[in-house]
Every structure is written in structure tokens, then in C-alpha cells.
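Visitor: Let me give you the structure first, and then I'll get to my questions.
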Amino acid sequence: MQIDDTDRQIINALQTGFPVAQRPFAVAAERLGLTEDDLIARLARMKDGGIITRFGPFLDAAAMGGAFCLCAMEIPHADFDAMTDIVNGFDEVAHNYARDHRLNMWFVLATETPEGIADAATRIEAATGLPVFRFPKLKEFFIGFRVAA
């Protein structure tokens with residue numbers, strides 16, 4: 001899929017903020033010189049085409065009383081797709097990545113309470129029959145990650 005200069009402008013502009021308004025897409029579209037419908041359609045097209053993987057906020061779960069935890073599993077290669085479906089079926093799984101490593105599945109758990117991490121990991125272990133290795137955050141670093149399109 002090809003993107004044009006308008007798509008690039010959208011990607012660059014929306015990484016650093018999104019309006020808090022009754023119709024946020026309309027406000028963002030106006031700032032970009034687009035219609036609300038055009039902005040929504042372009043975002044959907046870029047998501048469907050794999051240019052962007054998600055469109056939404058990154059929330060600080062800990063500030064809201066919840067927690068995040070990076071987790072990993074060692075999944076037998078033949079079972080990887082089936083296990084991915086099982087793991088991704090849990091609401092607490094924020095995102096999931098395959099890696100070329102003994103620990104070949106990495107995912108983030110996001111829960112409403114810190115205790116929810118252990119509960120979710122235990123339920124995933126029961127559903128898969130495999131251990132979930134937990135790598136809790138010890139210190140937070142803000143790197144201001146941004147990708148220029």
C-alpha cells in the first residue's frame with residue numbers, strides 16, 4: 001500500500017496529540033485541512049493496509065490504579081498460532097509479538113489493579129498449560145517515541 005503526503009501529514013500530526021472534544025475527529029480534520037469523514041476513512045485505510053497497527057491512546061495504567069507487565073512464553077513452534085489465539089483472547093493482553101528466541105512470544109498485560117497481573121498470568125497458564133514469565137517494570141523512562149512518516 002502506498003501513502004501520500006496527506007497520509008504522512010496525518011501520521012505526523014496525530015502522534016503528538018489528539019483533541020479532547022465532543023467530535024475530536026472533526027477538530028483534528030479541520031486542523032489538517034480535511035473533512036471528518038476523509039480523516040476517518042484515511043485512518044481506516046492505513047490500518048487495514050498495515051501502515052499503522054493501531055490508533056488510540058496510551059494510558060498510564062499505574063496512574064489510574066492499575067498495572068502493566070511485560071510477559072514472555074516459550075511456545076512450541078507447531079502450537080504457536082493456536083496459543084496466540086488463546087493468549088490474545090484475554091482482555092488483559094494489550095499487544096503480542098512473535099520473536100526469534102527461546103522465549104518466542106512476548107506480550108503486555110494491562111490490568112485494572114496490580115493484583116490483576118498475577119491473576120491474568122495464572123489464567124493464561126491454565127489455558128495454555130505453559131508458564132508465563134513476568135518482567136515487571138522496575139523504573140519508568142519516557143523516551144518520547146515518535147516515528148516521522
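Every chain in the C-alpha cells takes a letter, A first, then B, and so on in the order presented; its residues are numbered from 1, and the ligands are numbered from 1 following the presented order.
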Please, which residues of chain A, numbered as in this document, come out helix (DSSP H, G or I) from DSSP, as number ranges by chain?

Guide: A: 5-14, 24-32, 36-48, 62-64, 77-88, 115-128

Visitor: Next, write the just-selected residues to a file, as a PDB file, in the first residue's frame, keeping C-alpha atoms as the atom set.

Guide:
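This is the output file result.pdb:
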ATOM      1  CA  ASP A   5       1.653  13.399   1.546  1.00  0.00           C
ATOM      2  CA  THR A   6      -1.713  13.824   3.285  1.00  0.00           C
ATOM      3  CA  ASP A   7      -1.362  10.414   4.957  1.00  0.00           C
ATOM      4  CA  ARG A   8       2.127  11.403   6.115  1.00  0.00           C
ATOM      5  CA  GLN A   9       0.770  14.683   7.477  1.00  0.00           C
ATOM      6  CA  ILE A  10      -1.913  12.771   9.398  1.00  0.00           C
ATOM      7  CA  ILE A  11       0.589  10.309  10.871  1.00  0.00           C
ATOM      8  CA  ASN A  12       2.993  13.052  11.906  1.00  0.00           C
ATOM      9  CA  ALA A  13       0.328  15.338  13.380  1.00  0.00           C
ATOM     10  CA  LEU A  14      -1.649  12.771  15.355  1.00  0.00           C
ATOM     11  CA  PRO A  24     -12.363  15.004  18.118  1.00  0.00           C
ATOM     12  CA  PHE A  25     -12.007  13.686  14.550  1.00  0.00           C
ATOM     13  CA  ALA A  26     -13.766  16.792  13.234  1.00  0.00           C
ATOM     14  CA  VAL A  27     -11.395  19.063  15.167  1.00  0.00           C
ATOM     15  CA  ALA A  28      -8.308  17.106  14.058  1.00  0.00           C
ATOM     16  CA  ALA A  29      -9.537  17.026  10.460  1.00  0.00           C
ATOM     17  CA  GLU A  30     -10.079  20.797  10.413  1.00  0.00           C
ATOM     18  CA  ARG A  31      -6.516  21.349  11.675  1.00  0.00           C
ATOM     19  CA  LEU A  32      -5.289  19.149   8.825  1.00  0.00           C
ATOM     20  CA  GLU A  36     -14.009  14.489   9.326  1.00  0.00           C
ATOM     21  CA  ASP A  37     -15.138  11.647   7.026  1.00  0.00           C
ATOM     22  CA  ASP A  38     -11.926  11.857   4.982  1.00  0.00           C
ATOM     23  CA  LEU A  39      -9.726  11.682   8.087  1.00  0.00           C
ATOM     24  CA  ILE A  40     -11.610   8.673   9.469  1.00  0.00           C
ATOM     25  CA  ALA A  41     -11.510   6.930   6.071  1.00  0.00           C
ATOM     26  CA  ARG A  42      -7.777   7.558   5.667  1.00  0.00           C
ATOM     27  CA  LEU A  43      -7.027   6.209   9.155  1.00  0.00           C
ATOM     28  CA  ALA A  44      -9.134   3.106   8.462  1.00  0.00           C
ATOM     29  CA  ARG A  45      -7.398   2.575   5.101  1.00  0.00           C
ATOM     30  CA  MET A  46      -3.942   2.903   6.675  1.00  0.00           C
ATOM     31  CA  LYS A  47      -4.884   0.484   9.462  1.00  0.00           C
ATOM     32  CA  ASP A  48      -6.392  -2.030   7.027  1.00  0.00           C
ATOM     33  CA  ALA A  62      -0.458   2.741  37.140  1.00  0.00           C
ATOM     34  CA  ALA A  63      -1.667   6.341  37.469  1.00  0.00           C
ATOM     35  CA  MET A  64      -5.227   5.009  37.310  1.00  0.00           C
ATOM     36  CA  HIS A  77       6.574 -23.820  17.081  1.00  0.00           C
ATOM     37  CA  ALA A  78       3.816 -26.183  15.931  1.00  0.00           C
ATOM     38  CA  ASP A  79       1.429 -24.726  18.535  1.00  0.00           C
ATOM     39  CA  PHE A  80       2.292 -21.058  18.072  1.00  0.00           C
ATOM     40  CA  ASP A  81      -0.794 -19.961  16.101  1.00  0.00           C
ATOM     41  CA  ALA A  82      -3.222 -21.791  18.373  1.00  0.00           C
ATOM     42  CA  MET A  83      -1.519 -20.456  21.500  1.00  0.00           C
ATOM     43  CA  THR A  84      -1.537 -16.933  20.062  1.00  0.00           C
ATOM     44  CA  ASP A  85      -5.299 -17.160  19.667  1.00  0.00           C
ATOM     45  CA  ILE A  86      -5.648 -18.339  23.276  1.00  0.00           C
ATOM     46  CA  VAL A  87      -3.378 -15.635  24.727  1.00  0.00           C
ATOM     47  CA  ASN A  88      -4.900 -12.881  22.622  1.00  0.00           C
ATOM     48  CA  GLU A 115      -3.002  -7.848  41.687  1.00  0.00           C
ATOM     49  CA  GLY A 116      -4.678  -8.403  38.339  1.00  0.00           C
ATOM     50  CA  ILE A 117      -1.324  -9.154  36.700  1.00  0.00           C
ATOM     51  CA  ALA A 118      -0.820 -12.357  38.707  1.00  0.00           C
ATOM     52  CA  ASP A 119      -4.448 -13.358  38.165  1.00  0.00           C
ATOM     53  CA  ALA A 120      -4.285 -12.858  34.390  1.00  0.00           C
ATOM     54  CA  ALA A 121      -0.930 -14.643  34.089  1.00  0.00           C
ATOM     55  CA  THR A 122      -2.260 -17.583  36.130  1.00  0.00           C
ATOM     56  CA  ARG A 123      -5.356 -17.833  33.921  1.00  0.00           C
ATOM     57  CA  ILE A 124      -3.191 -17.756  30.761  1.00  0.00           C
ATOM     58  CA  GLU A 125      -1.006 -20.505  32.216  1.00  0.00           C
ATOM     59  CA  ALA A 126      -4.103 -22.607  32.971  1.00  0.00           C
ATOM     60  CA  ALA A 127      -5.488 -22.072  29.453  1.00  0.00           C
ATOM     61  CA  THR A 128      -2.210 -22.848  27.659  1.00  0.00           C
TER      62      THR A 128
END

Visitor: Name the residues of chain A that fall into strand (DSSP E) according to DSSP on the backbone, using the chain letters and numbers of this document, as a list in words.

Guide: Ala67, Phe68, Cys69, Leu70, Cys71, Ala72, Met73, Val93, Ala94, His95, Asn96, Tyr97, Ala98, Met105, Trp106, Phe107, Val108, Leu109, Ala110, Thr111, Phe133, Arg134 and Phe135 of chain A

Visitor: Keeping N, CA and C atoms, export the residues of the selection given above as a PDB file, in the first residue's frame.

Guide:
ATOM      1  N   ALA A  67      -2.009  -1.679  36.414  1.00  0.00           N
ATOM      2  CA  ALA A  67      -0.621  -2.091  36.223  1.00  0.00           C
ATOM      3  C   ALA A  67      -0.406  -2.618  34.805  1.00  0.00           C
ATOM      4  N   PHE A  68       0.855  -2.554  34.382  1.00  0.00           N
ATOM      5  CA  PHE A  68       1.337  -3.166  33.144  1.00  0.00           C
ATOM      6  C   PHE A  68       2.423  -4.167  33.518  1.00  0.00           C
ATOM      7  N   CYS A  69       2.576  -5.195  32.716  1.00  0.00           N
ATOM      8  CA  CYS A  69       3.689  -6.121  32.912  1.00  0.00           C
ATOM      9  C   CYS A  69       4.057  -6.748  31.575  1.00  0.00           C
ATOM     10  N   LEU A  70       5.332  -6.698  31.238  1.00  0.00           N
ATOM     11  CA  LEU A  70       5.838  -7.392  30.066  1.00  0.00           C
ATOM     12  C   LEU A  70       5.952  -8.867  30.415  1.00  0.00           C
ATOM     13  N   CYS A  71       5.451  -9.726  29.537  1.00  0.00           N
ATOM     14  CA  CYS A  71       5.460 -11.164  29.779  1.00  0.00           C
ATOM     15  C   CYS A  71       6.020 -11.890  28.562  1.00  0.00           C
ATOM     16  N   ALA A  72       6.529 -13.095  28.807  1.00  0.00           N
ATOM     17  CA  ALA A  72       7.039 -13.913  27.711  1.00  0.00           C
ATOM     18  C   ALA A  72       6.679 -15.363  27.965  1.00  0.00           C
ATOM     19  N   MET A  73       6.588 -16.099  26.855  1.00  0.00           N
ATOM     20  CA  MET A  73       6.312 -17.534  26.929  1.00  0.00           C
ATOM     21  C   MET A  73       7.179 -18.262  25.908  1.00  0.00           C
ATOM     22  N   VAL A  93      -4.557  -8.749  27.646  1.00  0.00           N
ATOM     23  CA  VAL A  93      -3.405  -8.743  26.730  1.00  0.00           C
ATOM     24  C   VAL A  93      -3.511  -7.516  25.833  1.00  0.00           C
ATOM     25  N   ALA A  94      -2.577  -6.580  26.050  1.00  0.00           N
ATOM     26  CA  ALA A  94      -2.606  -5.321  25.307  1.00  0.00           C
ATOM     27  C   ALA A  94      -2.060  -5.495  23.897  1.00  0.00           C
ATOM     28  N   HIS A  95      -0.974  -6.185  23.729  1.00  0.00           N
ATOM     29  CA  HIS A  95      -0.428  -6.480  22.416  1.00  0.00           C
ATOM     30  C   HIS A  95       0.532  -7.659  22.550  1.00  0.00           C
ATOM     31  N   ASN A  96       0.839  -8.294  21.430  1.00  0.00           N
ATOM     32  CA  ASN A  96       1.550  -9.559  21.435  1.00  0.00           C
ATOM     33  C   ASN A  96       2.511  -9.586  20.253  1.00  0.00           C
ATOM     34  N   TYR A  97       3.739 -10.042  20.498  1.00  0.00           N
ATOM     35  CA  TYR A  97       4.765 -10.072  19.454  1.00  0.00           C
ATOM     36  C   TYR A  97       5.434 -11.437  19.390  1.00  0.00           C
ATOM     37  N   ALA A  98       5.652 -11.928  18.189  1.00  0.00           N
ATOM     38  CA  ALA A  98       6.451 -13.140  17.983  1.00  0.00           C
ATOM     39  C   ALA A  98       7.911 -12.722  17.892  1.00  0.00           C
ATOM     40  N   MET A 105       7.227 -15.742  22.383  1.00  0.00           N
ATOM     41  CA  MET A 105       6.016 -14.917  22.431  1.00  0.00           C
ATOM     42  C   MET A 105       6.171 -13.909  23.566  1.00  0.00           C
ATOM     43  N   TRP A 106       6.052 -12.633  23.212  1.00  0.00           N
ATOM     44  CA  TRP A 106       6.136 -11.546  24.187  1.00  0.00           C
ATOM     45  C   TRP A 106       4.852 -10.735  24.113  1.00  0.00           C
ATOM     46  N   PHE A 107       4.291 -10.424  25.266  1.00  0.00           N
ATOM     47  CA  PHE A 107       3.058  -9.643  25.291  1.00  0.00           C
ATOM     48  C   PHE A 107       3.025  -8.784  26.542  1.00  0.00           C
ATOM     49  N   VAL A 108       2.143  -7.819  26.538  1.00  0.00           N
ATOM     50  CA  VAL A 108       1.971  -6.918  27.677  1.00  0.00           C
ATOM     51  C   VAL A 108       0.607  -7.188  28.292  1.00  0.00           C
ATOM     52  N   LEU A 109       0.608  -7.360  29.606  1.00  0.00           N
ATOM     53  CA  LEU A 109      -0.644  -7.442  30.349  1.00  0.00           C
ATOM     54  C   LEU A 109      -0.942  -6.061  30.916  1.00  0.00           C
ATOM     55  N   ALA A 110      -2.160  -5.625  30.788  1.00  0.00           N
ATOM     56  CA  ALA A 110      -2.622  -4.359  31.362  1.00  0.00           C
ATOM     57  C   ALA A 110      -3.862  -4.674  32.184  1.00  0.00           C
ATOM     58  N   THR A 111      -3.788  -4.370  33.477  1.00  0.00           N
ATOM     59  CA  THR A 111      -4.890  -4.732  34.373  1.00  0.00           C
ATOM     60  C   THR A 111      -5.346  -3.532  35.200  1.00  0.00           C
ATOM     61  N   PHE A 133       6.302 -16.052  31.926  1.00  0.00           N
ATOM     62  CA  PHE A 133       7.399 -15.371  32.602  1.00  0.00           C
ATOM     63  C   PHE A 133       7.067 -13.884  32.660  1.00  0.00           C
ATOM     64  N   ARG A 134       7.140 -13.315  33.865  1.00  0.00           N
ATOM     65  CA  ARG A 134       6.752 -11.920  34.063  1.00  0.00           C
ATOM     66  C   ARG A 134       7.983 -11.051  34.281  1.00  0.00           C
ATOM     67  N   PHE A 135       8.004  -9.930  33.591  1.00  0.00           N
ATOM     68  CA  PHE A 135       9.095  -8.972  33.696  1.00  0.00           C
ATOM     69  C   PHE A 135       8.503  -7.611  34.085  1.00  0.00           C
TER      70      PHE A 135
END

Visitor: Give the answer as one residue: which of A:Pro76, A:Gly49, A:Gly129, A:Gly33 has the shortest atom-to-atom distance to Arg102 (chain A), using only C-alpha atoms?

Guide: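 Result for the nearest residue to Arg102 (chain A): A:Pro76.
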
Visitor: Please determine, counting only C-alpha atoms, which residue among A:Thr35, A:Ala61, A:Arg146, A:Thr53 has the shortest atom-to-atom distance to Thr16 (chain A).

Guide: A:Arg146

Visitor: Could you jot down the CA of Phe18 (chain A) to CA of Pro57 (chain A) separation for me, Å, one decimal place?

Guide: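 Answer for the CA of Phe18 (chain A) to CA of Pro57 (chain A) separation: 8.7 Å.
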